[in-house]
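Visitor: Structure: query.cif, mmCIF, C-alpha atoms.
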```cif
data_work
loop_
_atom_site.group_PDB
_atom_site.id
_atom_site.type_symbol
_atom_site.label_atom_id
_atom_site.label_comp_id
_atom_site.auth_asym_id
_atom_site.auth_seq_id
_atom_site.Cartn_x
_atom_site.Cartn_y
_atom_site.Cartn_z
ATOM 1 C CA MET H 1 -27.185 -23.412 -13.473
ATOM 2 C CA LYS H 2 -26.872 -20.267 -11.385
ATOM 3 C CA GLN H 3 -26.714 -16.983 -13.306
ATOM 4 C CA TYR H 4 -24.560 -14.129 -12.012
ATOM 5 C CA CYS H 5 -25.021 -10.456 -12.737
ATOM 6 C CA ASN H 6 -21.380 -9.921 -11.851
ATOM 7 C CA PRO H 7 -18.593 -12.475 -12.217
ATOM 8 C CA PRO H 8 -18.223 -14.723 -9.165
ATOM 9 C CA GLY H 9 -15.761 -13.563 -6.548
ATOM 10 C CA ARG H 10 -16.774 -9.927 -6.637
ATOM 11 C CA LEU H 11 -18.070 -8.310 -3.481
ATOM 12 C CA SER H 12 -20.757 -6.251 -5.234
ATOM 13 C CA GLY H 13 -23.084 -9.269 -5.263
ATOM 14 C CA ALA H 14 -22.259 -10.220 -1.673
ATOM 15 C CA PRO H 15 -24.674 -9.701 1.202
ATOM 16 C CA ARG H 16 -24.843 -6.188 2.603
ATOM 17 C CA ALA H 17 -23.343 -7.190 5.961
ATOM 18 C CA LEU H 18 -20.287 -8.696 4.250
ATOM 19 C CA ARG H 19 -19.762 -5.580 2.134
ATOM 20 C CA ARG H 20 -20.034 -3.331 5.196
ATOM 21 C CA ALA H 21 -17.588 -5.538 7.117
ATOM 22 C CA TRP H 22 -15.105 -5.365 4.233
ATOM 23 C CA VAL H 23 -15.405 -1.566 4.078
ATOM 24 C CA ARG H 24 -14.847 -1.288 7.841
ATOM 25 C CA LEU H 25 -11.756 -3.472 7.605
ATOM 26 C CA VAL H 26 -10.292 -1.477 4.705
ATOM 27 C CA LEU H 27 -10.988 1.844 6.466
ATOM 28 C CA PHE H 28 -9.196 0.506 9.554
ATOM 29 C CA VAL H 29 -6.191 -0.595 7.482
ATOM 30 C CA LEU H 30 -6.128 2.743 5.624
ATOM 31 C CA PHE H 31 -6.145 4.574 8.953
ATOM 32 C CA ARG H 32 -3.234 2.502 10.253
ATOM 33 C CA GLY H 33 -1.429 2.998 6.935
ATOM 34 C CA LEU H 34 -1.921 6.778 7.022
ATOM 35 C CA ARG H 35 -0.484 6.935 10.531
ATOM 36 C CA ALA H 36 2.457 4.761 9.487
ATOM 37 C CA ILE H 37 3.411 6.774 6.408
ATOM 38 C CA ALA H 38 2.961 10.024 8.340
ATOM 39 C CA SER H 39 5.651 8.844 10.745
ATOM 40 C CA LYS H 40 8.015 6.998 8.372
ATOM 41 C CA VAL H 41 7.844 8.474 4.831
ATOM 42 C CA PRO H 42 9.549 11.890 4.400
ATOM 43 C CA SER H 43 7.322 13.149 1.554
ATOM 44 C CA ALA H 44 4.181 12.296 3.539
ATOM 45 C CA ARG H 45 5.598 14.119 6.570
ATOM 46 C CA GLU H 46 6.256 17.208 4.435
ATOM 47 C CA GLU H 47 2.745 17.099 3.011
ATOM 48 C CA LEU H 48 1.192 16.694 6.445
ATOM 49 C CA ALA H 49 3.327 19.529 7.881
ATOM 50 C CA ARG H 50 1.618 21.969 5.492
ATOM 51 C CA TRP H 51 -1.780 21.250 7.044
ATOM 52 C CA LYS H 52 -2.928 23.508 9.844
ATOM 53 C CA GLU H 53 -3.276 22.003 13.295
ATOM 54 C CA GLY H 54 -6.638 20.380 14.014
ATOM 55 C CA THR H 55 -7.647 19.826 10.375
ATOM 56 C CA VAL H 56 -10.447 17.253 10.217
ATOM 57 C CA VAL H 57 -10.896 14.956 7.200
ATOM 58 C CA SER H 58 -13.824 12.577 6.782
ATOM 59 C CA ILE H 59 -13.928 9.660 4.326
ATOM 60 C CA GLY H 60 -17.366 8.087 4.184
ATOM 61 C CA PHE H 61 -20.380 6.864 2.245
ATOM 62 C CA LEU H 62 -23.729 8.482 1.541
ATOM 63 C CA GLY H 63 -26.353 7.351 4.001
ATOM 64 C CA SER H 64 -24.442 4.345 5.343
ATOM 65 C CA GLY H 65 -22.952 5.688 8.557
ATOM 66 C CA LEU H 66 -19.559 4.171 7.680
ATOM 67 C CA GLU H 67 -16.882 6.819 7.833
ATOM 68 C CA LEU H 68 -13.319 7.386 8.868
ATOM 69 C CA ILE H 69 -12.798 10.747 10.572
ATOM 70 C CA LEU H 70 -9.183 11.850 10.915
ATOM 71 C CA GLN H 71 -7.786 14.836 12.783
ATOM 72 C CA LYS H 72 -4.271 16.167 12.348
ATOM 73 C CA ASN H 73 -2.609 16.597 15.740
ATOM 74 C CA GLY H 74 1.089 17.369 15.690
ATOM 75 C CA ASP H 75 2.790 15.250 13.072
ATOM 76 C CA THR H 76 0.224 12.430 12.827
ATOM 77 C CA PHE H 77 -3.460 11.583 12.524
ATOM 78 C CA TYR H 78 -5.887 10.597 15.230
ATOM 79 C CA ARG H 79 -9.287 9.036 14.756
ATOM 80 C CA LEU H 80 -12.444 10.829 15.866
ATOM 81 C CA TRP H 81 -15.830 9.168 16.228
ATOM 82 C CA LYS H 82 -18.018 12.207 15.599
ATOM 83 C CA CYS H 83 -17.498 15.530 13.900
ATOM 84 C CA PRO H 84 -20.414 17.736 12.851
ATOM 85 C CA THR H 85 -18.531 19.748 10.210
ATOM 86 C CA PRO H 86 -15.196 18.377 8.939
ATOM 87 C CA ASP H 87 -12.850 20.637 6.989
ATOM 88 C CA LEU H 88 -12.843 18.110 4.137
ATOM 89 C CA ASN H 89 -15.456 15.468 3.434
ATOM 90 C CA ILE H 90 -14.776 12.790 0.805
ATOM 91 C CA CYS H 91 -18.015 10.908 0.317
ATOM 92 C CA PHE H 92 -18.560 7.917 -1.974
ATOM 93 C CA LYS H 93 -21.967 7.892 -3.614
ATOM 94 C CA SER H 94 -22.500 4.195 -2.913
ATOM 95 C CA VAL H 95 -20.824 1.289 -1.170
ATOM 96 C CA GLU H 96 -20.471 -0.439 -4.566
ATOM 97 C CA SER H 97 -18.419 2.426 -5.998
ATOM 98 C CA ALA H 98 -16.293 2.410 -2.841
ATOM 99 C CA LEU H 99 -15.759 -1.329 -3.164
ATOM 100 C CA GLU H 100 -14.152 -0.797 -6.563
ATOM 101 C CA VAL H 101 -11.566 1.392 -4.840
ATOM 102 C CA MET H 102 -11.279 -0.739 -1.717
ATOM 103 C CA THR H 103 -10.859 -4.003 -3.611
ATOM 104 C CA PHE H 104 -8.138 -2.203 -5.591
ATOM 105 C CA ARG H 105 -9.793 -2.531 -8.983
ATOM 106 C CA LYS H 106 -9.806 1.241 -9.558
ATOM 107 C CA SER H 107 -7.755 4.100 -8.221
ATOM 108 C CA LEU H 108 -9.315 6.858 -6.155
ATOM 109 C CA ALA H 109 -8.389 9.429 -8.806
ATOM 110 C CA LEU H 110 -10.237 7.400 -11.468
ATOM 111 C CA CYS H 111 -13.335 7.176 -9.250
ATOM 112 C CA TYR H 112 -13.250 10.955 -8.841
ATOM 113 C CA ALA H 113 -12.934 11.356 -12.620
ATOM 114 C CA GLU H 114 -15.934 9.032 -13.132
ATOM 115 C CA ASN H 115 -17.969 11.150 -10.653
ATOM 116 C CA ARG H 116 -18.402 8.290 -8.165
ATOM 117 C CA LEU H 117 -17.537 10.400 -5.143
ATOM 118 C CA MET H 118 -18.277 13.873 -3.838
ATOM 119 C CA ILE H 119 -15.869 16.276 -2.219
ATOM 120 C CA ARG H 120 -16.942 19.001 0.182
ATOM 121 C CA GLY H 121 -14.111 21.330 1.042
ATOM 122 C CA GLU H 122 -10.932 22.441 -0.672
ATOM 123 C CA ILE H 123 -10.066 20.500 -3.819
ATOM 124 C CA ALA H 124 -6.338 21.039 -3.182
ATOM 125 C CA ARG H 125 -6.661 19.439 0.280
ATOM 126 C CA ALA H 126 -8.620 16.540 -1.244
ATOM 127 C CA MET H 127 -5.832 15.907 -3.753
ATOM 128 C CA GLU H 128 -3.329 15.875 -0.888
ATOM 129 C CA VAL H 129 -5.439 13.214 0.853
ATOM 130 C CA VAL H 130 -5.598 11.246 -2.422
ATOM 131 C CA ARG H 131 -1.786 11.399 -2.696
ATOM 132 C CA LEU H 132 -1.438 10.167 0.886
ATOM 133 C CA LEU H 133 -3.886 7.306 0.229
ATOM 134 C CA GLU H 134 -1.978 6.393 -2.942
ATOM 135 C CA GLN H 135 1.229 6.237 -0.890
ATOM 136 C CA VAL H 136 -0.494 3.871 1.549
ATOM 137 C CA GLU H 137 -1.575 1.679 -1.379
ATOM 138 C CA ASN H 138 1.952 1.823 -2.772
ATOM 139 C CA TYR H 139 3.402 0.385 0.450
ATOM 140 C CA LEU H 140 0.653 -2.153 1.112
ATOM 141 C CA LEU H 141 -0.002 -3.732 -2.269
ATOM 142 C CA PRO H 142 2.112 -6.174 -4.268
ATOM 143 C CA ALA H 143 3.556 -5.073 -7.617
ATOM 144 C CA PHE H 144 1.053 -6.928 -9.856
ATOM 145 C CA ILE H 145 -1.877 -5.041 -8.292
ATOM 146 C CA LYS H 146 -0.034 -1.707 -8.247
ATOM 147 C CA GLY H 147 0.595 -2.053 -11.974
ATOM 148 C CA ARG H 148 -3.156 -1.873 -12.601
ATOM 149 C CA LEU H 149 -3.721 1.117 -10.319
ATOM 150 C CA PHE H 150 -0.753 3.350 -11.120
ATOM 151 C CA SER H 151 0.474 3.771 -14.666
ATOM 152 C CA PRO H 152 4.019 4.664 -13.586
ATOM 153 C CA CYS H 153 4.569 2.688 -10.389
ATOM 154 C CA PRO H 154 5.977 5.185 -7.842
ATOM 155 C CA ALA H 155 9.268 4.444 -6.115
ATOM 156 C CA LYS H 156 9.309 3.762 -2.392
ATOM 157 C CA GLU H 157 11.255 6.210 -0.233
ATOM 158 C CA VAL H 158 11.702 3.823 2.705
ATOM 159 C CA PRO H 159 11.582 0.018 2.828
ATOM 160 C CA ALA H 160 8.027 -1.326 2.967
ATOM 161 C CA VAL H 161 8.951 -3.400 6.016
ATOM 162 C CA LYS H 162 9.377 -0.211 8.086
ATOM 163 C CA VAL H 163 5.902 1.008 7.146
ATOM 164 C CA LEU H 164 4.298 -2.382 7.730
ATOM 165 C CA TRP H 165 6.033 -2.703 11.104
ATOM 166 C CA ALA H 166 4.821 0.775 12.081
ATOM 167 C CA MET H 167 1.279 -0.280 11.133
ATOM 168 C CA ALA H 168 1.505 -3.451 13.192
ATOM 169 C CA THR H 169 2.917 -1.838 16.318
ATOM 170 C CA ASP H 170 0.896 1.408 16.423
ATOM 171 C CA PHE H 171 -1.637 1.377 19.253
ATOM 172 C CA GLU H 172 -2.142 5.119 19.803
ATOM 173 C CA PHE H 173 -5.412 5.432 17.866
ATOM 174 C CA PHE H 174 -7.092 8.228 19.755
ATOM 175 C CA PRO H 175 -5.794 11.457 21.236
ATOM 176 C CA ARG H 176 -5.703 11.304 25.019
ATOM 177 C CA ARG H 177 -8.805 13.461 25.445
ATOM 178 C CA GLU H 178 -10.821 11.478 22.874
ATOM 179 C CA ARG H 179 -10.116 7.916 23.974
ATOM 180 C CA PRO H 180 -13.298 5.957 24.575
ATOM 181 C CA ARG H 181 -13.695 4.360 27.940
ATOM 182 C CA LEU H 182 -13.524 0.613 27.475
ATOM 183 C CA TRP H 183 -13.887 -0.437 31.091
ATOM 184 C CA ARG H 184 -14.751 1.128 34.415
ATOM 185 C CA ARG H 185 -12.588 1.249 37.494
#
```
Go ahead and render the structure in this file as C-alpha cells.
Guide:
Amino acid sequence: MKQYCNPPGRLSGAPRALRRAWVRLVLFVLFRGLRAIASKVPSAREELARWKEGTVVSIGFLGSGLELILQKNGDTFYRLWKCPTPDLNICFKSVESALEVMTFRKSLALCYAENRLMIRGEIARAMEVVRLLEQVENYLLPAFIKGRLFSPCPAKEVPAVKVLWAMATDFEFFPRRERPRLWRR
C-alpha cells in the first residue's frame, strides 16, 4: 500500500512542473480579477485611486522566477514582464507556502502572520494589496470556501456576474508601450 506524507489530492506532493503550472494559472486569474475589480467595484476603485501613478507591485516566489508584476496606470493595472526595483515586493518563501494560499486553504493575511512570506516596501501598501486580493477571492470563490478563509464573509458591492464578465472579456493586458510583439509584419 502506498504511503503518503500529505493526504492525497494535495498539490504539495505533486511534481514540480504541475505545481508551477498551477501557480502560473492562479497568478493569471488573480491578475484578471484585480483588473476586473479595479473597474467594477467602487471600494477597489477608491483604494486604487489613492496610489500614485506608476506604482509597481510584484507578487512572486523566492528563487523560482514566477512572479506577477503589476503597474498602476490610470484607474487600472497593467502587467509588466520585468522590473528591477518594484515599489512593493510580496515574496512567498516557498512554492508550498504559496500553494496553501492559492489552493484557498489559508488566507494571505494568515500566511503573513505565520511568517510564510516577505514584504519589501511599505506595509500599508502591502495591506492594501491584501485587501484587493481578498476582494478578488470574495468574488471568485463559492460561499463554502469563503467561509473557511474569511471569518465574517464580506458583502459584495456589485453582482459577481459583472466582475466575472469583466474578467472574461478583458483583453488589454499590457500598456501600449509594453506589449510584446507576437508576430512580425
Visitor: Selected by the PyMOL selection byres ((chain H and resi 112-129) around 12) in the shown coordinates: which residues, as a ChimeraX atom specification?
Guide: /H:30-31,34,38,43-52,55-62,70,72,77,85-101,106-111,130-136
Visitor: Closest to Lys82 (chain H) among H:Leu140, H:Val158, H:Val163, H:Leu68, using all atoms listed in the file?
Guide: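 Residue with the minimum atom-to-atom distance to Lys82 (chain H): H:Leu68.
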Visitor: Quick one: distance from CA of Thr103 (chain H) to CA of Gly33 (chain H) in Å, one decimal?
Guide: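 That distance, rounded to one decimal, is 15.8 Å.
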Visitor: Measure the distance from CA of Lys40 (chain H) to CA of Cys83 (chain H) in Å and round it to one decimal.
Guide: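 Distance reported for this atom pair: 27.5 Å.
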Visitor: Would you mind reading off the distance between CA of Leu66 (chain H) and CA of Val29 (chain H), one decimal, in Å?
Guide: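 A separation of 14.2 Å between them.
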Visitor: May I have the residues at most 12 Å from (8.7, -4.2, 2.4) in the file's coordinates, counting all atoms listed in the file, as a ChimeraX atom specification?
Guide: /H:138-143,156-166
Visitor: Find, counting all atoms listed in the file, the residue in H:Arg32, H:Gly65, H:Ala155, H:Asn73 that gets nearest to Ala168 (chain H).
Guide: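 Nearest candidate to Ala168 (chain H) out of H:Arg32, H:Gly65, H:Ala155, H:Asn73: H:Arg32.
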Visitor: Determine, counting all atoms listed in the file, which protein, DNA and RNA residues have an atom within 10 Å of an atom of Ile145 (chain H); residues of the same chain fewer than 6 positions away are not included. Present the result as a VMD selection string.
Guide: chain H and resid 104 to 105 137 to 138
Visitor: Using only C-alpha atoms, pick whichever of H:Met102, H:Val41, H:Phe28, H:Ala36 has the shortest atom-to-atom distance to Thr76 (chain H).
Guide: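 Using only C-alpha atoms, the shortest distance to Thr76 (chain H) belongs to H:Ala36.
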Visitor: May I ask you to restore all heavy atoms in region 119-130 of chain H and write the result as an mmCIF file, in the coordinates of the input?
Guide:
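part.cif, written as the output of this step:
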```cif
data_model
loop_
_atom_site.group_PDB
_atom_site.id
_atom_site.type_symbol
_atom_site.label_atom_id
_atom_site.label_comp_id
_atom_site.auth_asym_id
_atom_site.auth_seq_id
_atom_site.Cartn_x
_atom_site.Cartn_y
_atom_site.Cartn_z
ATOM 1 N N ILE H 119 -16.835 15.631 -3.096
ATOM 2 C CA ILE H 119 -15.869 16.276 -2.219
ATOM 3 C C ILE H 119 -16.471 17.582 -1.740
ATOM 4 O O ILE H 119 -16.883 18.407 -2.543
ATOM 5 C CB ILE H 119 -14.531 16.525 -2.944
ATOM 6 C CG1 ILE H 119 -13.898 15.197 -3.323
ATOM 7 C CG2 ILE H 119 -13.600 17.356 -2.089
ATOM 8 C CD1 ILE H 119 -12.646 15.313 -4.133
ATOM 9 N N ARG H 120 -16.514 17.743 -0.423
ATOM 10 C CA ARG H 120 -16.942 19.001 0.182
ATOM 11 C C ARG H 120 -15.737 19.571 0.912
ATOM 12 O O ARG H 120 -15.238 18.960 1.850
ATOM 13 C CB ARG H 120 -18.086 18.774 1.166
ATOM 14 C CG ARG H 120 -19.338 18.341 0.494
ATOM 15 C CD ARG H 120 -20.481 18.257 1.501
ATOM 16 N NE ARG H 120 -21.560 17.509 0.881
ATOM 17 C CZ ARG H 120 -22.015 16.355 1.334
ATOM 18 N NH1 ARG H 120 -21.514 15.819 2.418
ATOM 19 N NH2 ARG H 120 -22.988 15.736 0.714
ATOM 20 N N GLY H 121 -15.300 20.715 0.464
ATOM 21 C CA GLY H 121 -14.111 21.330 1.042
ATOM 22 C C GLY H 121 -13.162 21.739 -0.069
ATOM 23 O O GLY H 121 -13.538 21.819 -1.239
ATOM 24 N N GLU H 122 -11.928 22.001 0.299
ATOM 25 C CA GLU H 122 -10.932 22.441 -0.672
ATOM 26 C C GLU H 122 -10.496 21.279 -1.570
ATOM 27 O O GLU H 122 -10.146 20.214 -1.074
ATOM 28 C CB GLU H 122 -9.702 22.978 0.045
ATOM 29 C CG GLU H 122 -9.948 24.183 0.905
ATOM 30 C CD GLU H 122 -8.683 24.603 1.629
ATOM 31 O OE1 GLU H 122 -7.575 24.355 1.097
ATOM 32 O OE2 GLU H 122 -8.812 25.146 2.722
ATOM 33 N N ILE H 123 -10.506 21.523 -2.871
ATOM 34 C CA ILE H 123 -10.066 20.500 -3.819
ATOM 35 C C ILE H 123 -8.574 20.207 -3.640
ATOM 36 O O ILE H 123 -8.147 19.059 -3.725
ATOM 37 C CB ILE H 123 -10.350 20.944 -5.277
ATOM 38 C CG1 ILE H 123 -11.843 21.104 -5.493
ATOM 39 C CG2 ILE H 123 -9.752 19.994 -6.283
ATOM 40 C CD1 ILE H 123 -12.611 19.821 -5.509
ATOM 41 N N ALA H 124 -7.779 21.238 -3.364
ATOM 42 C CA ALA H 124 -6.338 21.039 -3.182
ATOM 43 C C ALA H 124 -6.074 20.114 -1.984
ATOM 44 O O ALA H 124 -5.223 19.225 -2.042
ATOM 45 C CB ALA H 124 -5.642 22.382 -2.973
ATOM 46 N N ARG H 125 -6.822 20.301 -0.892
ATOM 47 C CA ARG H 125 -6.661 19.439 0.280
ATOM 48 C C ARG H 125 -7.098 18.008 -0.052
ATOM 49 O O ARG H 125 -6.481 17.041 0.380
ATOM 50 C CB ARG H 125 -7.484 19.990 1.445
ATOM 51 C CG ARG H 125 -7.414 19.208 2.687
ATOM 52 C CD ARG H 125 -6.221 19.506 3.531
ATOM 53 N NE ARG H 125 -6.130 20.940 3.755
ATOM 54 C CZ ARG H 125 -4.990 21.572 3.952
ATOM 55 N NH1 ARG H 125 -3.866 20.914 3.984
ATOM 56 N NH2 ARG H 125 -4.942 22.859 4.127
ATOM 57 N N ALA H 126 -8.152 17.875 -0.847
ATOM 58 C CA ALA H 126 -8.620 16.540 -1.244
ATOM 59 C C ALA H 126 -7.561 15.821 -2.075
ATOM 60 O O ALA H 126 -7.353 14.617 -1.907
ATOM 61 C CB ALA H 126 -9.924 16.642 -2.024
ATOM 62 N N MET H 127 -6.881 16.532 -2.957
ATOM 63 C CA MET H 127 -5.832 15.907 -3.753
ATOM 64 C C MET H 127 -4.641 15.509 -2.885
ATOM 65 O O MET H 127 -3.979 14.509 -3.152
ATOM 66 C CB MET H 127 -5.380 16.833 -4.887
ATOM 67 C CG MET H 127 -6.462 17.074 -5.933
ATOM 68 S SD MET H 127 -7.048 15.546 -6.675
ATOM 69 C CE MET H 127 -8.725 15.486 -6.123
ATOM 70 N N GLU H 128 -4.383 16.276 -1.818
ATOM 71 C CA GLU H 128 -3.329 15.875 -0.888
ATOM 72 C C GLU H 128 -3.711 14.580 -0.179
ATOM 73 O O GLU H 128 -2.875 13.693 0.004
ATOM 74 C CB GLU H 128 -3.080 16.980 0.140
ATOM 75 C CG GLU H 128 -2.411 18.205 -0.438
ATOM 76 C CD GLU H 128 -2.306 19.339 0.555
ATOM 77 O OE1 GLU H 128 -2.830 19.213 1.688
ATOM 78 O OE2 GLU H 128 -1.694 20.358 0.206
ATOM 79 N N VAL H 129 -4.975 14.459 0.212
ATOM 80 C CA VAL H 129 -5.439 13.214 0.853
ATOM 81 C C VAL H 129 -5.337 12.053 -0.125
ATOM 82 O O VAL H 129 -4.919 10.956 0.236
ATOM 83 C CB VAL H 129 -6.880 13.381 1.381
ATOM 84 C CG1 VAL H 129 -7.449 12.056 1.852
ATOM 85 C CG2 VAL H 129 -6.913 14.389 2.506
ATOM 86 N N VAL H 130 -5.695 12.297 -1.396
ATOM 87 C CA VAL H 130 -5.598 11.246 -2.422
ATOM 88 C C VAL H 130 -4.144 10.815 -2.581
ATOM 89 O O VAL H 130 -3.851 9.620 -2.671
ATOM 90 C CB VAL H 130 -6.201 11.727 -3.756
ATOM 91 C CG1 VAL H 130 -5.846 10.785 -4.896
ATOM 92 C CG2 VAL H 130 -7.714 11.847 -3.631
#
```
